[in-house]
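K.L.:
Pasting model15.pdb below, which is PDB, C-alpha atoms.
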ATOM      1  CA  MET A   5      77.653 -36.040 136.828
ATOM      2  CA  VAL A   6      75.628 -38.843 135.314
ATOM      3  CA  THR A   7      73.063 -40.320 137.660
ATOM      4  CA  LYS A   8      71.897 -43.245 135.556
ATOM      5  CA  LEU A   9      73.635 -46.313 134.133
ATOM      6  CA  THR A  10      75.158 -45.515 130.764
ATOM      7  CA  ALA A  11      76.192 -47.639 127.813
ATOM      8  CA  GLY A  12      79.781 -47.121 128.915
ATOM      9  CA  ASP A  13      78.968 -48.816 132.215
ATOM     10  CA  PHE A  14      77.812 -51.972 130.479
ATOM     11  CA  ILE A  15      80.877 -51.960 128.257
ATOM     12  CA  VAL A  16      83.170 -51.638 131.274
ATOM     13  CA  PHE A  17      81.258 -54.362 133.097
ATOM     14  CA  PHE A  18      81.459 -56.852 130.260
ATOM     15  CA  ILE A  19      85.068 -56.096 129.469
ATOM     16  CA  SER A  20      86.028 -56.629 133.111
ATOM     17  CA  ILE A  21      84.088 -59.912 133.240
ATOM     18  CA  SER A  22      85.878 -61.167 130.123
ATOM     19  CA  PHE A  23      89.195 -60.018 131.546
ATOM     20  CA  VAL A  24      88.602 -61.982 134.742
ATOM     21  CA  PHE A  25      87.479 -65.002 132.718
ATOM     22  CA  THR A  26      90.700 -64.806 130.703
ATOM     23  CA  LEU A  27      92.665 -64.862 133.925
ATOM     24  CA  TYR A  28      90.946 -68.091 134.939
ATOM     25  CA  VAL A  29      91.717 -69.673 131.584
ATOM     26  CA  LEU A  30      95.341 -68.553 131.708
ATOM     27  CA  TYR A  31      96.237 -69.468 135.235
ATOM     28  CA  TRP A  32      93.865 -72.277 136.104
ATOM     29  CA  GLY A  33      94.180 -74.045 132.776
ATOM     30  CA  GLU A  34      95.317 -77.574 132.116
ATOM     31  CA  ASP A  35      98.833 -76.961 130.827
ATOM     32  CA  GLN A  36      99.947 -76.166 134.334
ATOM     33  CA  HIS A  37     101.075 -79.729 134.990
ATOM     34  CA  ALA A  38     104.800 -79.993 135.436
ATOM     35  CA  ARG A  39     106.999 -82.447 133.549
ATOM     36  CA  HIS A  40     110.043 -82.643 135.792
ATOM     37  CA  ALA A  41     110.775 -82.410 139.461
ATOM     38  CA  GLU A  42     114.051 -81.116 140.819
ATOM     39  CA  ILE A  43     115.158 -82.451 144.164
ATOM     40  CA  ILE A  44     117.395 -80.053 146.016
ATOM     41  CA  VAL A  45     119.325 -81.349 149.014
ATOM     42  CA  SER A  46     121.030 -78.825 151.290
ATOM     43  CA  GLY A  47     121.083 -76.219 148.543
ATOM     44  CA  LYS A  48     122.420 -78.393 145.741
ATOM     45  CA  LYS A  49     120.375 -79.779 142.898
ATOM     46  CA  GLN A  50     120.805 -83.506 143.258
ATOM     47  CA  TYR A  51     118.207 -85.113 141.057
ATOM     48  CA  ILE A  52     115.949 -84.256 138.190
ATOM     49  CA  LEU A  53     113.088 -86.707 137.891
ATOM     50  CA  ASP A  54     110.688 -87.225 135.041
ATOM     51  CA  LEU A  55     107.198 -87.199 136.497
ATOM     52  CA  ASN A  56     105.937 -89.769 134.037
ATOM     53  CA  GLU A  57     108.136 -92.510 135.471
ATOM     54  CA  GLU A  58     106.979 -94.333 138.566
ATOM     55  CA  LYS A  59     109.668 -94.118 141.195
ATOM     56  CA  HIS A  60     110.448 -94.578 144.858
ATOM     57  CA  LEU A  61     113.528 -92.692 145.922
ATOM     58  CA  GLU A  62     115.396 -92.535 149.199
ATOM     59  CA  ILE A  63     117.178 -89.240 149.858
ATOM     60  CA  THR A  64     119.637 -88.655 152.666
ATOM     61  CA  GLY A  65     119.593 -85.180 154.128
ATOM     62  CA  LYS A  66     120.922 -83.449 157.237
ATOM     63  CA  LEU A  67     118.633 -85.303 159.626
ATOM     64  CA  GLY A  68     118.320 -88.635 157.926
ATOM     65  CA  LYS A  69     116.197 -90.282 155.281
ATOM     66  CA  SER A  70     113.322 -88.865 153.237
ATOM     67  CA  ILE A  71     111.400 -91.134 150.913
ATOM     68  CA  ILE A  72     109.922 -89.630 147.767
ATOM     69  CA  GLU A  73     107.348 -91.235 145.519
ATOM     70  CA  VAL A  74     106.617 -90.314 141.914
ATOM     71  CA  SER A  75     103.450 -91.620 140.368
ATOM     72  CA  ASN A  76     100.986 -90.457 137.704
ATOM     73  CA  GLY A  77     102.606 -87.092 137.044
ATOM     74  CA  GLN A  78     102.676 -86.300 140.753
ATOM     75  CA  ILE A  79     105.310 -86.371 143.450
ATOM     76  CA  ARG A  80     105.185 -86.450 147.228
ATOM     77  CA  PHE A  81     107.080 -87.151 150.419
ATOM     78  CA  VAL A  82     106.132 -90.554 151.816
ATOM     79  CA  GLU A  83     108.307 -90.683 154.886
ATOM     80  CA  SER A  84     110.792 -88.354 156.492
ATOM     81  CA  SER A  85     112.985 -88.191 159.579
ATOM     82  CA  CYS A  86     111.688 -84.801 160.699
ATOM     83  CA  SER A  87     109.439 -84.452 163.731
ATOM     84  CA  SER A  88     106.620 -82.331 162.358
ATOM     85  CA  LYS A  89     106.063 -84.208 159.056
ATOM     86  CA  GLN A  90     104.881 -81.032 157.319
ATOM     87  CA  CYS A  91     106.502 -82.285 154.124
ATOM     88  CA  ILE A  92     104.338 -85.389 154.097
ATOM     89  CA  ARG A  93     101.280 -83.304 154.861
ATOM     90  CA  SER A  94     101.853 -81.259 151.686
ATOM     91  CA  GLY A  95     100.625 -84.323 149.878
ATOM     92  CA  TRP A  96     100.805 -84.827 146.128
ATOM     93  CA  ILE A  97     102.010 -81.886 144.070
ATOM     94  CA  SER A  98     101.795 -81.662 140.297
ATOM     95  CA  GLN A  99     101.574 -78.010 139.285
ATOM     96  CA  VAL A 100     104.381 -76.018 137.710
ATOM     97  CA  ASN A 101     106.384 -74.125 140.345
ATOM     98  CA  ALA A 102     104.796 -76.113 143.158
ATOM     99  CA  LEU A 103     107.009 -76.901 146.081
ATOM    100  CA  ALA A 104     107.178 -79.387 148.904
ATOM    101  CA  ALA A 105     109.984 -79.189 151.395
ATOM    102  CA  CYS A 106     111.337 -80.891 154.466
ATOM    103  CA  LEU A 107     113.174 -77.993 156.039
ATOM    104  CA  PRO A 108     114.737 -79.811 159.005
ATOM    105  CA  ASN A 109     116.207 -82.310 156.603
ATOM    106  CA  GLY A 110     117.149 -79.784 153.947
ATOM    107  CA  VAL A 111     115.305 -81.642 151.192
ATOM    108  CA  SER A 112     112.943 -79.860 148.813
ATOM    109  CA  LEU A 113     110.992 -80.863 145.719
ATOM    110  CA  HIS A 114     110.512 -78.263 143.022
ATOM    111  CA  LEU A 115     108.292 -78.838 140.041
ATOM    112  CA  VAL A 116     109.601 -77.419 136.797
ATOM    113  CA  GLY A 117     107.581 -76.767 133.688
ATOM    114  CA  PRO A 118     108.460 -76.285 130.033
ATOM    115  CA  ASN A 119     109.433 -72.629 130.589
ATOM    116  CA  ALA A 120     112.452 -72.615 132.841
ATOM    117  CA  ARG A 121     112.045 -70.005 135.529
ATOM    118  CA  PHE A 122     114.573 -69.238 138.182
ATOM    119  CA  ASP A 123     113.178 -68.875 141.633
ATOM    120  CA  SER A 124     115.171 -67.773 144.570
ATOM    121  CA  ILE A 125     114.210 -69.473 147.795
ATOM    122  CA  ASN A 126     115.790 -68.654 151.090
ATOM    123  CA  PHE A 127     115.354 -70.736 154.166
TER     124      PHE A 127
ATOM    125  CA  MET B  23     105.098 -16.261 169.122
ATOM    126  CA  GLN B  24     101.797 -18.024 169.013
ATOM    127  CA  LEU B  25     100.765 -19.959 165.967
ATOM    128  CA  ARG B  26      97.060 -20.104 165.384
ATOM    129  CA  LEU B  27      95.658 -22.494 162.858
ATOM    130  CA  LYS B  28      92.244 -21.590 161.651
ATOM    131  CA  ALA B  29      90.185 -24.387 160.183
ATOM    132  CA  SER B  30      88.200 -23.396 157.155
ATOM    133  CA  VAL B  31      84.718 -24.620 156.340
ATOM    134  CA  GLU B  32      86.301 -26.905 153.797
ATOM    135  CA  ASP B  33      88.484 -28.469 156.490
ATOM    136  CA  TYR B  34      85.394 -29.257 158.546
ATOM    137  CA  GLN B  35      83.621 -30.722 155.548
ATOM    138  CA  ILE B  36      86.545 -32.956 154.625
ATOM    139  CA  ALA B  37      87.043 -33.983 158.247
ATOM    140  CA  SER B  38      83.447 -35.046 158.736
ATOM    141  CA  LEU B  39      83.313 -36.967 155.466
ATOM    142  CA  ALA B  40      86.629 -38.620 156.290
ATOM    143  CA  ALA B  41      85.296 -39.553 159.725
ATOM    144  CA  LEU B  42      82.385 -41.291 158.031
ATOM    145  CA  ALA B  43      84.706 -43.203 155.725
ATOM    146  CA  ILE B  44      87.028 -44.105 158.592
ATOM    147  CA  GLY B  45      84.119 -45.350 160.685
ATOM    148  CA  ILE B  46      82.928 -47.626 157.908
ATOM    149  CA  HIS B  47      86.471 -48.816 157.229
ATOM    150  CA  VAL B  48      87.185 -49.713 160.849
ATOM    151  CA  VAL B  49      83.864 -51.485 161.394
ATOM    152  CA  GLU B  50      84.341 -53.433 158.186
ATOM    153  CA  ALA B  51      87.786 -54.506 159.370
ATOM    154  CA  ALA B  52      86.067 -56.280 162.238
ATOM    155  CA  LEU B  53      84.067 -58.464 159.852
ATOM    156  CA  PRO B  54      85.678 -61.830 159.126
ATOM    157  CA  SER B  55      86.703 -62.479 155.547
ATOM    158  CA  PRO B  56      86.846 -65.972 154.040
ATOM    159  CA  ILE B  57      89.936 -65.077 152.028
ATOM    160  CA  PRO B  58      92.653 -62.826 153.413
ATOM    161  CA  GLY B  59      92.942 -59.723 151.308
ATOM    162  CA  ILE B  60      89.361 -59.676 150.096
ATOM    163  CA  LYS B  61      87.041 -57.161 151.681
ATOM    164  CA  PRO B  62      83.856 -55.507 150.441
ATOM    165  CA  GLY B  63      85.640 -52.148 150.687
ATOM    166  CA  LEU B  64      82.499 -50.302 151.697
ATOM    167  CA  ALA B  65      84.456 -47.151 152.589
ATOM    168  CA  ASN B  66      84.997 -46.667 148.867
ATOM    169  CA  ILE B  67      81.311 -45.868 148.539
ATOM    170  CA  ILE B  68      82.084 -42.724 150.531
ATOM    171  CA  THR B  69      84.960 -41.901 148.185
ATOM    172  CA  LEU B  70      82.638 -42.195 145.190
ATOM    173  CA  ILE B  71      79.873 -40.114 146.733
ATOM    174  CA  VAL B  72      82.332 -37.437 147.879
ATOM    175  CA  PHE B  73      83.761 -37.292 144.375
ATOM    176  CA  ALA B  74      80.316 -36.931 142.843
ATOM    177  CA  LEU B  75      79.298 -34.160 145.230
ATOM    178  CA  TYR B  76      82.535 -32.287 145.829
ATOM    179  CA  GLY B  77      85.103 -33.275 143.225
ATOM    180  CA  ILE B  78      88.435 -35.013 143.024
ATOM    181  CA  ARG B  79      90.327 -33.008 145.667
ATOM    182  CA  PHE B  80      87.815 -33.781 148.383
ATOM    183  CA  ALA B  81      87.661 -37.413 147.297
ATOM    184  CA  ALA B  82      91.447 -37.734 147.425
ATOM    185  CA  TRP B  83      91.634 -36.134 150.871
ATOM    186  CA  VAL B  84      88.873 -38.325 152.272
ATOM    187  CA  SER B  85      90.440 -41.481 150.806
ATOM    188  CA  LEU B  86      93.955 -40.826 152.034
ATOM    189  CA  LEU B  87      92.776 -39.722 155.450
ATOM    190  CA  ARG B  88      90.771 -42.920 155.618
ATOM    191  CA  VAL B  89      93.857 -45.028 154.850
ATOM    192  CA  PHE B  90      96.133 -43.259 157.340
ATOM    193  CA  VAL B  91      93.754 -42.729 160.226
ATOM    194  CA  GLY B  92      92.060 -46.084 159.700
ATOM    195  CA  SER B  93      95.416 -47.847 159.943
ATOM    196  CA  LEU B  94      96.263 -45.918 163.099
ATOM    197  CA  ILE B  95      92.997 -46.951 164.713
ATOM    198  CA  ILE B  96      93.205 -50.588 163.642
ATOM    199  CA  GLY B  97      96.890 -50.699 164.550
ATOM    200  CA  THR B  98      98.359 -51.546 161.174
ATOM    201  CA  PHE B  99     100.072 -48.206 160.496
ATOM    202  CA  LEU B 100     103.266 -48.715 158.438
ATOM    203  CA  SER B 101     102.707 -52.475 158.330
ATOM    204  CA  PRO B 102     102.504 -54.426 155.059
ATOM    205  CA  THR B 103      98.722 -54.158 155.344
ATOM    206  CA  PHE B 104      99.067 -50.393 155.380
ATOM    207  CA  VAL B 105     101.415 -50.431 152.379
ATOM    208  CA  LEU B 106      98.937 -52.510 150.406
ATOM    209  CA  SER B 107      96.003 -50.357 151.453
ATOM    210  CA  LEU B 108      97.857 -47.225 150.428
ATOM    211  CA  SER B 109      98.986 -48.562 147.061
ATOM    212  CA  GLY B 110      95.477 -49.737 146.270
ATOM    213  CA  VAL B 111      93.982 -46.377 147.124
ATOM    214  CA  MET B 112      96.653 -44.474 145.194
ATOM    215  CA  ALA B 113      95.966 -46.567 142.106
ATOM    216  CA  SER B 114      92.212 -46.104 142.375
ATOM    217  CA  LEU B 115      92.650 -42.363 142.923
ATOM    218  CA  PHE B 116      94.743 -42.235 139.767
ATOM    219  CA  VAL B 117      91.901 -43.882 137.862
ATOM    220  CA  LEU B 118      89.530 -41.397 139.475
ATOM    221  CA  TYR B 119      91.717 -38.524 138.304
ATOM    222  CA  VAL B 120      91.751 -39.799 134.722
ATOM    223  CA  TYR B 121      87.993 -40.218 134.901
ATOM    224  CA  SER B 122      87.511 -36.691 136.203
ATOM    225  CA  LYS B 123      89.461 -35.344 133.249
ATOM    226  CA  PHE B 124      88.136 -37.480 130.416
ATOM    227  CA  GLY B 125      85.305 -39.795 131.296
ATOM    228  CA  VAL B 126      82.712 -37.843 133.264
ATOM    229  CA  GLU B 127      80.152 -38.071 130.479
ATOM    230  CA  LEU B 128      80.935 -41.649 129.470
ATOM    231  CA  LEU B 129      80.536 -43.598 132.690
ATOM    232  CA  SER B 130      78.397 -43.328 135.755
ATOM    233  CA  LEU B 131      79.700 -44.158 139.220
ATOM    234  CA  PHE B 132      78.953 -47.818 138.494
ATOM    235  CA  GLY B 133      81.527 -48.191 135.719
ATOM    236  CA  LEU B 134      83.925 -45.905 137.568
ATOM    237  CA  ALA B 135      83.725 -48.044 140.692
ATOM    238  CA  ILE B 136      84.527 -51.201 138.739
ATOM    239  CA  LEU B 137      87.575 -49.553 137.150
ATOM    240  CA  MET B 138      88.760 -48.196 140.478
ATOM    241  CA  ALA B 139      88.310 -51.591 142.134
ATOM    242  CA  LEU B 140      90.278 -53.329 139.378
ATOM    243  CA  ALA B 141      93.080 -50.771 139.658
ATOM    244  CA  HIS B 142      93.073 -51.153 143.433
ATOM    245  CA  MET B 143      93.358 -54.930 143.318
ATOM    246  CA  ALA B 144      95.895 -54.968 140.472
ATOM    247  CA  ALA B 145      98.124 -52.485 142.288
ATOM    248  CA  GLN B 146      97.975 -54.604 145.434
ATOM    249  CA  LEU B 147      98.892 -57.766 143.547
ATOM    250  CA  ILE B 148     101.806 -55.988 141.881
ATOM    251  CA  VAL B 149     103.076 -54.626 145.190
ATOM    252  CA  VAL B 150     102.775 -58.053 146.823
ATOM    253  CA  TYR B 151     104.651 -59.643 143.922
ATOM    254  CA  TRP B 152     107.465 -57.085 143.979
ATOM    255  CA  PHE B 153     107.971 -56.751 147.708
ATOM    256  CA  PHE B 154     106.532 -59.712 149.561
ATOM    257  CA  ILE B 155     105.927 -62.872 147.532
ATOM    258  CA  PRO B 156     107.829 -62.997 144.223
ATOM    259  CA  HIS B 157     106.343 -66.329 143.268
ATOM    260  CA  ASP B 158     104.200 -67.423 140.352
ATOM    261  CA  ALA B 159     101.621 -68.907 142.684
ATOM    262  CA  LEU B 160     100.479 -65.324 143.214
ATOM    263  CA  LEU B 161      99.452 -65.121 139.567
ATOM    264  CA  ALA B 162      97.434 -68.290 140.076
ATOM    265  CA  LEU B 163      95.512 -66.464 142.815
ATOM    266  CA  SER B 164      94.846 -63.402 140.674
ATOM    267  CA  PRO B 165      91.608 -64.717 139.106
ATOM    268  CA  VAL B 166      90.034 -65.013 142.551
ATOM    269  CA  PHE B 167      91.139 -61.562 143.651
ATOM    270  CA  MET B 168      90.062 -59.946 140.408
ATOM    271  CA  THR B 169      86.666 -61.633 140.592
ATOM    272  CA  ALA B 170      86.223 -60.152 144.041
ATOM    273  CA  ALA B 171      87.294 -56.754 142.693
ATOM    274  CA  VAL B 172      84.682 -56.861 139.932
ATOM    275  CA  VAL B 173      81.934 -58.144 142.234
ATOM    276  CA  PHE B 174      82.501 -55.719 145.082
ATOM    277  CA  GLY B 175      83.347 -52.875 142.712
ATOM    278  CA  SER B 176      80.002 -53.308 140.962
ATOM    279  CA  LEU B 177      78.174 -53.565 144.275
ATOM    280  CA  ASN B 178      79.766 -50.460 145.773
ATOM    281  CA  GLY B 179      79.384 -48.552 142.514
ATOM    282  CA  TYR B 180      75.725 -49.406 142.327
ATOM    283  CA  ILE B 181      75.107 -48.346 145.915
ATOM    284  CA  ALA B 182      76.976 -45.064 145.357
ATOM    285  CA  LEU B 183      75.019 -44.425 142.154
ATOM    286  CA  LYS B 184      71.705 -44.970 143.905
ATOM    287  CA  VAL B 185      72.680 -42.695 146.791
ATOM    288  CA  ILE B 186      73.812 -39.948 144.429
ATOM    289  CA  SER B 187      70.668 -40.129 142.338
ATOM    290  CA  LYS B 188      68.570 -39.735 145.493
ATOM    291  CA  ILE B 189      70.675 -36.822 146.715
ATOM    292  CA  LYS B 190      70.520 -35.112 143.328
ATOM    293  CA  CYS B 191      66.761 -35.505 143.468
ATOM    294  CA  LEU B 192      66.690 -33.541 146.663
ATOM    295  CA  TYR B 193      69.241 -30.900 145.662
ATOM    296  CA  PRO B 194      69.182 -30.614 141.893
ATOM    297  CA  LYS B 195      72.030 -28.400 140.713
TER     298      LYS B 195
END
Please rewrite the model in this file as structure tokens.
P.N.:
Amino acid sequence: MVTKLTAGDFIVFFISISFVFTLYVLYWGEDQHARHAEIIVSGKKQYILDLNEEKHLEITGKLGKSIIEVSNGQIRFVESSCSSKQCIRSGWISQVNALAACLPNGVSLHLVGPNARFDSINF
Amino acid sequence: MQLRLKASVEDYQIASLAALAIGIHVVEAALPSPIPGIKPGLANIITLIVFALYGIRFAAWVSLLRVFVGSLIIGTFLSPTFVLSLSGVMASLFVLYVYSKFGVELLSLFGLAILMALAHMAAQLIVVYWFFIPHDALLALSPVFMTAAVVFGSLNGYIALKVISKIKCLYPK
């Protein structure tokens, strides 16, 4: 059993640091901004919006109205007929696979990137 | 017919080392963590020291006893926390086994601890992805978790190395 630091230790240490650094580059990098948002109302895909176009949209869900705003590559809930307003509190979302939802109203915003991935969401 | 179980010296040794690891594990569970799922994992220092002094079998026993008994004491037995703890420890024990067969001359406890910590964290992320949160956002969290694995793995490995070198000083074999 070796009781002092060996060359192998340094190699392992530096390889693991570079590995972790690579993870940051991969998953925290810039190309994580989404291009389109899908708006799903009561389980059905109703709209696909391009995030580069400024837009104010009124969606009617189970409870009533939800107002969505698209601006600057981001999307958010502005107003909603739910009582807790959690959807509005999610704020602006812009990352691929990000999600904002008004569950009482059955309206959810999903951000989709260049690689189409199928998510299954149950609520 | 009476059944008498006789504990061997080895049983006592493993039990006392496991008790030490369990004590550290439980006390550490009381410390608040800024990010859920990230802990210093100080009980792993015991695993490393036990491995260095007694070998892989003892280390495996002490580790697994720590996971099971620790979860019973904390109250998370058979919960998702327990599943994650167990998968992490199994993965790190696998790395330990490979090390015991092939790498004993190449790495000290420092490098070994980093590898075990990485395996532990990676296994936990995989289990979470498969069974609890199959969402890409988990991958976005992986840099943070892996950083913690490297940092705490190095720390624990260094502590274990220092302890072992002092013990070997006293009892050179």
K.L.:
Rank nothing, just name the residue among B:Phe116, B:Phe154, B:Phe90, B:Phe132 nearest to Leu9 in chain A, using all atoms listed in the file.
P.N.:
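Ranking B:Phe116, B:Phe154, B:Phe90, B:Phe132 by distance to Leu9 in chain A, first place goes to B:Phe132.
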K.L.:
Give as a PyMOL selection string the set of residues within 12 Å of the point (115.4, -85.2, 140.7), where distances use the file's coordinates and only C-alpha atoms.
P.N.:
chain A and resi 39-45+48-55+57+59-63+72-74+79+111-116
K.L.:
Take CA of Phe174 in chain B and CA of Pro62 in chain B and report the distance between them in Å, one decimal.
P.N.:
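Distance between the two atoms: 5.5 Å.
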K.L.:
Excluding Tyr76 in chain B and residues on its chain fewer than 4 positions from it, collect all residues at most 12 Å away from it, counting all atoms listed in the file, and give them as JSON, numbers by chain.
P.N.:
{"A": [5], "B": [32, 35, 36, 39, 68, 69, 70, 71, 72, 80, 81, 82, 83, 84, 122, 186]}
K.L.:
For the residues selected in the previous step, produce a file with C-alpha atoms as a PDB file, in the frame of the given file.
P.N.:
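The resulting out_17.pdb:
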ATOM      1  CA  MET A   5      77.653 -36.040 136.828  1.00  0.00           C
TER       2      MET A   5
ATOM      3  CA  GLU B  32      86.301 -26.905 153.797  1.00  0.00           C
ATOM      4  CA  GLN B  35      83.621 -30.722 155.548  1.00  0.00           C
ATOM      5  CA  ILE B  36      86.545 -32.956 154.625  1.00  0.00           C
ATOM      6  CA  LEU B  39      83.313 -36.967 155.466  1.00  0.00           C
ATOM      7  CA  ILE B  68      82.084 -42.724 150.531  1.00  0.00           C
ATOM      8  CA  THR B  69      84.960 -41.901 148.185  1.00  0.00           C
ATOM      9  CA  LEU B  70      82.638 -42.195 145.190  1.00  0.00           C
ATOM     10  CA  ILE B  71      79.873 -40.114 146.733  1.00  0.00           C
ATOM     11  CA  VAL B  72      82.332 -37.437 147.879  1.00  0.00           C
ATOM     12  CA  PHE B  80      87.815 -33.781 148.383  1.00  0.00           C
ATOM     13  CA  ALA B  81      87.661 -37.413 147.297  1.00  0.00           C
ATOM     14  CA  ALA B  82      91.447 -37.734 147.425  1.00  0.00           C
ATOM     15  CA  TRP B  83      91.634 -36.134 150.871  1.00  0.00           C
ATOM     16  CA  VAL B  84      88.873 -38.325 152.272  1.00  0.00           C
ATOM     17  CA  SER B 122      87.511 -36.691 136.203  1.00  0.00           C
ATOM     18  CA  ILE B 186      73.812 -39.948 144.429  1.00  0.00           C
TER      19      ILE B 186
END
K.L.:
Residues of chain B no more than 8 Å from chain A, counting only C-alpha atoms: send them over as a short mmCIF file (atom, residue, chain, number, x, y, z; two decimals) with C-alpha atoms, in the frame of the given file.
P.N.:
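Output saved as out-v4.cif:
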data_model
loop_
_atom_site.label_atom_id
_atom_site.label_comp_id
_atom_site.auth_asym_id
_atom_site.auth_seq_id
_atom_site.Cartn_x
_atom_site.Cartn_y
_atom_site.Cartn_z
CA ALA B 74 80.32 -36.93 142.84
CA VAL B 126 82.71 -37.84 133.26
CA GLU B 127 80.15 -38.07 130.48
CA LEU B 128 80.94 -41.65 129.47
CA LEU B 129 80.54 -43.60 132.69
CA SER B 130 78.40 -43.33 135.76
CA LEU B 131 79.70 -44.16 139.22
CA PHE B 132 78.95 -47.82 138.49
CA GLY B 133 81.53 -48.19 135.72
CA LEU B 134 83.92 -45.90 137.57
CA ILE B 136 84.53 -51.20 138.74
CA LEU B 137 87.58 -49.55 137.15
CA HIS B 157 106.34 -66.33 143.27
CA ASP B 158 104.20 -67.42 140.35
CA ALA B 159 101.62 -68.91 142.68
CA LEU B 161 99.45 -65.12 139.57
CA ALA B 162 97.43 -68.29 140.08
CA SER B 164 94.85 -63.40 140.67
CA PRO B 165 91.61 -64.72 139.11
CA MET B 168 90.06 -59.95 140.41
CA THR B 169 86.67 -61.63 140.59
CA VAL B 172 84.68 -56.86 139.93
CA LEU B 183 75.02 -44.42 142.15
CA LYS B 184 71.70 -44.97 143.90
CA ILE B 186 73.81 -39.95 144.43
CA SER B 187 70.67 -40.13 142.34
#
K.L.:
Could you tell me how far CA of Ser46 in chain A sits from CA of Val82 in chain A, in Å to one decimal place?
P.N.:
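Taking CA of Val82 in chain A and CA of Ser46 in chain A, their separation equals 19.0 Å.
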K.L.:
Name the closest residue to Thr64 in chain A among the candidates A:Trp96, A:Ser87, A:Asn109, A:Gly117; distances are taken between atoms, counting only C-alpha atoms.
P.N.:
A:Asn109
K.L.:
Tell me which protein, DNA and RNA residues are within 10 Å of Leu67 in chain A, counting all atoms listed in the file, leaving out same-chain ones fewer than 4 positions away, and put them as a list in words.
P.N.:
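Contacts, with the query itself left out: Ser84, Ser85, Cys86, Cys106, Leu107, Pro108, Asn109, Gly110 and Val111 of chain A.
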K.L.:
Using only C-alpha atoms, pick whichever of B:Ile60, B:Val185, B:Pro102, B:Asp33 has the shortest atom-to-atom distance to Ile155 in chain B.
P.N.:
B:Pro102
K.L.:
Could you work out how far CA of His47 in chain B lies from CA of Ile78 in chain B, giving the answer in Å with one decimal?
P.N.:
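Separating CA of Ile78 in chain B from CA of His47 in chain B is a distance of 19.9 Å.
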K.L.:
Might you pull out every residue within 8 Å of Ala141 in chain B, with all atoms listed in the file counted and same-chain residues fewer than 6 positions away left off, and present them as a ChimeraX atom specification?
P.N.:
/B:110,113-114,117
K.L.:
Measuring atom to atom with only C-alpha atoms, identify which of B:Val173, B:Gln24, B:Leu106, B:Leu53 is nearest to Tyr151 in chain B.
P.N.:
B:Leu106
K.L.:
To test your reading of the syntax: which residues would the PyMOL selection byres ((chain B and resi 43) around 10) return for the file shown? Reply as a PyMOL selection string.
P.N.:
chain B and resi 37-42+44-48+64-69+84-85+87-89+92
K.L.:
Take the residues that were just selected and, keeping C-alpha atoms, output them as a short mmCIF file (atom, residue, chain, number, x, y, z; two decimals), in the frame of the given file.
P.N.:
data_model
loop_
_atom_site.label_atom_id
_atom_site.label_comp_id
_atom_site.auth_asym_id
_atom_site.auth_seq_id
_atom_site.Cartn_x
_atom_site.Cartn_y
_atom_site.Cartn_z
CA ALA B 37 87.04 -33.98 158.25
CA SER B 38 83.45 -35.05 158.74
CA LEU B 39 83.31 -36.97 155.47
CA ALA B 40 86.63 -38.62 156.29
CA ALA B 41 85.30 -39.55 159.72
CA LEU B 42 82.38 -41.29 158.03
CA ILE B 44 87.03 -44.10 158.59
CA GLY B 45 84.12 -45.35 160.68
CA ILE B 46 82.93 -47.63 157.91
CA HIS B 47 86.47 -48.82 157.23
CA VAL B 48 87.18 -49.71 160.85
CA LEU B 64 82.50 -50.30 151.70
CA ALA B 65 84.46 -47.15 152.59
CA ASN B 66 85.00 -46.67 148.87
CA ILE B 67 81.31 -45.87 148.54
CA ILE B 68 82.08 -42.72 150.53
CA THR B 69 84.96 -41.90 148.18
CA VAL B 84 88.87 -38.33 152.27
CA SER B 85 90.44 -41.48 150.81
CA LEU B 87 92.78 -39.72 155.45
CA ARG B 88 90.77 -42.92 155.62
CA VAL B 89 93.86 -45.03 154.85
CA GLY B 92 92.06 -46.08 159.70
#
K.L.:
Please return the centre and edge lengths, in Å to one decimal, of a box with edges along x, y and z that contains all listed atoms of range 71-86 of chain A, widened by 6 Å on every side, as JSON.
P.N.:
{"center_x": 107.0, "center_y": -88.2, "center_z": 148.9, "size_x": 24.0, "size_y": 18.8, "size_z": 35.7}
